[in-house]
Amino acid sequence: MLPTAYYFVAGFPDFVVNKEVGYKLWFATHILSGTVVYVIAPFQLSSSLKKGISKRHKMLGRVFISASLVCILSLYIAILPNSLCKSCLPSQYATTTLWLLFLVVGFYSIRKRKMEHHQRFMISAFICAAYFVTVRVISLVFMGFFRWITPNEHWALLVSDISVWFVPLLMVWVIWWRKDYYKKFN
């Protein structure tokens with residue numbers, strides 16, 4: 001939330017100031033819709049927080065999905081084609097596409113009344129959404145490690161970028177797989 005708060009206080013960053021008005025609107029739309037996703041997600045994804053708003057879960061879910069779709073659209077139309085990190089583009093497009101895919105499958109799962117699948121895909125969608133903020137923290141704190149394990153800056157950026165979304169997704173899916181495995185055989 002800090003980068004978003006910074007935009008509201010200090011205005012657009014330098015790389016946006018010199019862009020045309022259309023890009024600025026897409027950028028602002030991206031930031032606002034992303035903020036909505038981040039504000040709603042804890043209430044939608046946390047069991048303890050969800051209990052207090054269970055009657056509003058469906059409505060907030062629609063807002064979460066709508067804001068996610070707007071954020072994803074802004075990524076595809078304006079943000080990713082103008083990315084400052086060309087090395088990160090494969091990872092950024094992959095996680096944006098996975099975010100969209102997880103949202104669609106999560107929505108489809110709830111329509112089919114498959115609650116566990118719905119929960120898993122919506123959590124996975126949020127992990128992909130969280131990438132776009134988490135990657136900034138990784139860049140500030142852990143880039144020295146990625147520069148140390150990779151042959152050059154290009155690879156360091158790409159590997160750090162992929163690790164931000166792939167490692168959390170891998171961890172939760174392995175946990176779910178183990179849970180399903182033990183449920184099946186015990």
# chains A, B, ... in the order shown; residues from 1 in each chain; ligands from 1
>>> residues_around(residues="Val63 in chain A", least_positions_apart="5", cutoff="9 Å", atoms="only C-alpha atoms", output="ChimeraX atom specification")
/A:36-37,40,58,68
>>> write_last_selection(atoms="C-alpha atoms", output="compact mmCIF listing (two decimals), in the first residue's frame")
# COMPACT_ATOMS: atom_id res chain seq x y z
CA VAL A 36 -9.34 -1.86 -4.34
CA VAL A 37 -8.01 -5.40 -4.88
CA ILE A 40 -10.78 -6.18 -0.29
CA LYS A 58 -20.61 -12.29 -2.55
CA SER A 68 -8.93 -7.28 -10.74
>>> residues_around(residues="range 99-109 of chain A", least_positions_apart="6", cutoff="9 Å", atoms="only C-alpha atoms", output="VMD selection string")
chain A and resid 65 68 to 69 72 115 to 129
>>> closest_atom_pairs(of="range 52-115 of chain A", to="range 152-155 of chain A", cutoff="10 Å", atoms="only C-alpha atoms", output="Markdown table")
| residue | atom | partner | partner_atom | distance |
| --- | --- | --- | --- | --- |
| A:Cys85 | CA | A:His154 | CA | 9.1 |
| A:Lys86 | CA | A:His154 | CA | 8.6 |
| A:Ser87 | CA | A:His154 | CA | 5.5 |
| A:Cys88 | CA | A:His154 | CA | 8.3 |
>>> write_last_selection(atoms="N, CA and C atoms", output="compact mmCIF listing (two decimals), in the first residue's frame")
# COMPACT_ATOMS: atom_id res chain seq x y z
N CYS A 85 11.30 -2.35 -17.04
CA CYS A 85 12.15 -3.53 -16.88
C CYS A 85 11.87 -4.50 -18.04
N LYS A 86 12.60 -4.34 -19.11
CA LYS A 86 12.40 -5.22 -20.27
C LYS A 86 12.76 -6.66 -19.94
N SER A 87 13.70 -6.88 -19.04
CA SER A 87 14.06 -8.24 -18.63
C SER A 87 12.92 -8.93 -17.90
N CYS A 88 12.04 -8.13 -17.27
CA CYS A 88 10.96 -8.68 -16.45
C CYS A 88 9.70 -8.98 -17.26
>>> closest_residue(among="A:Pro151, A:Pro168, A:Gly144, A:Gly61", to="Ala130 in chain A", atoms="only C-alpha atoms")
A:Pro168
>>> atom_distance(atom1="CA of Gly34 in chain A", atom2="CA of Phe132 in chain A")
9.2 Å
>>> residues_around(residues="Leu73 in chain A", least_positions_apart="5", cutoff="10 Å", atoms="only C-alpha atoms", output="list in words")
Trp26, Thr29, His30, Ala67, Ser68, Ala78, Ile79, Thr96 and Leu100 of chain A
>>> closest_residue(among="A:Ala28, A:Leu45, A:Leu75, A:Val133", to="Leu89 in chain A", atoms="only C-alpha atoms")
A:Leu75
>>> atom_distance(atom1="CA of Cys71 in chain A", atom2="CA of Ser33 in chain A")
5.5 Å
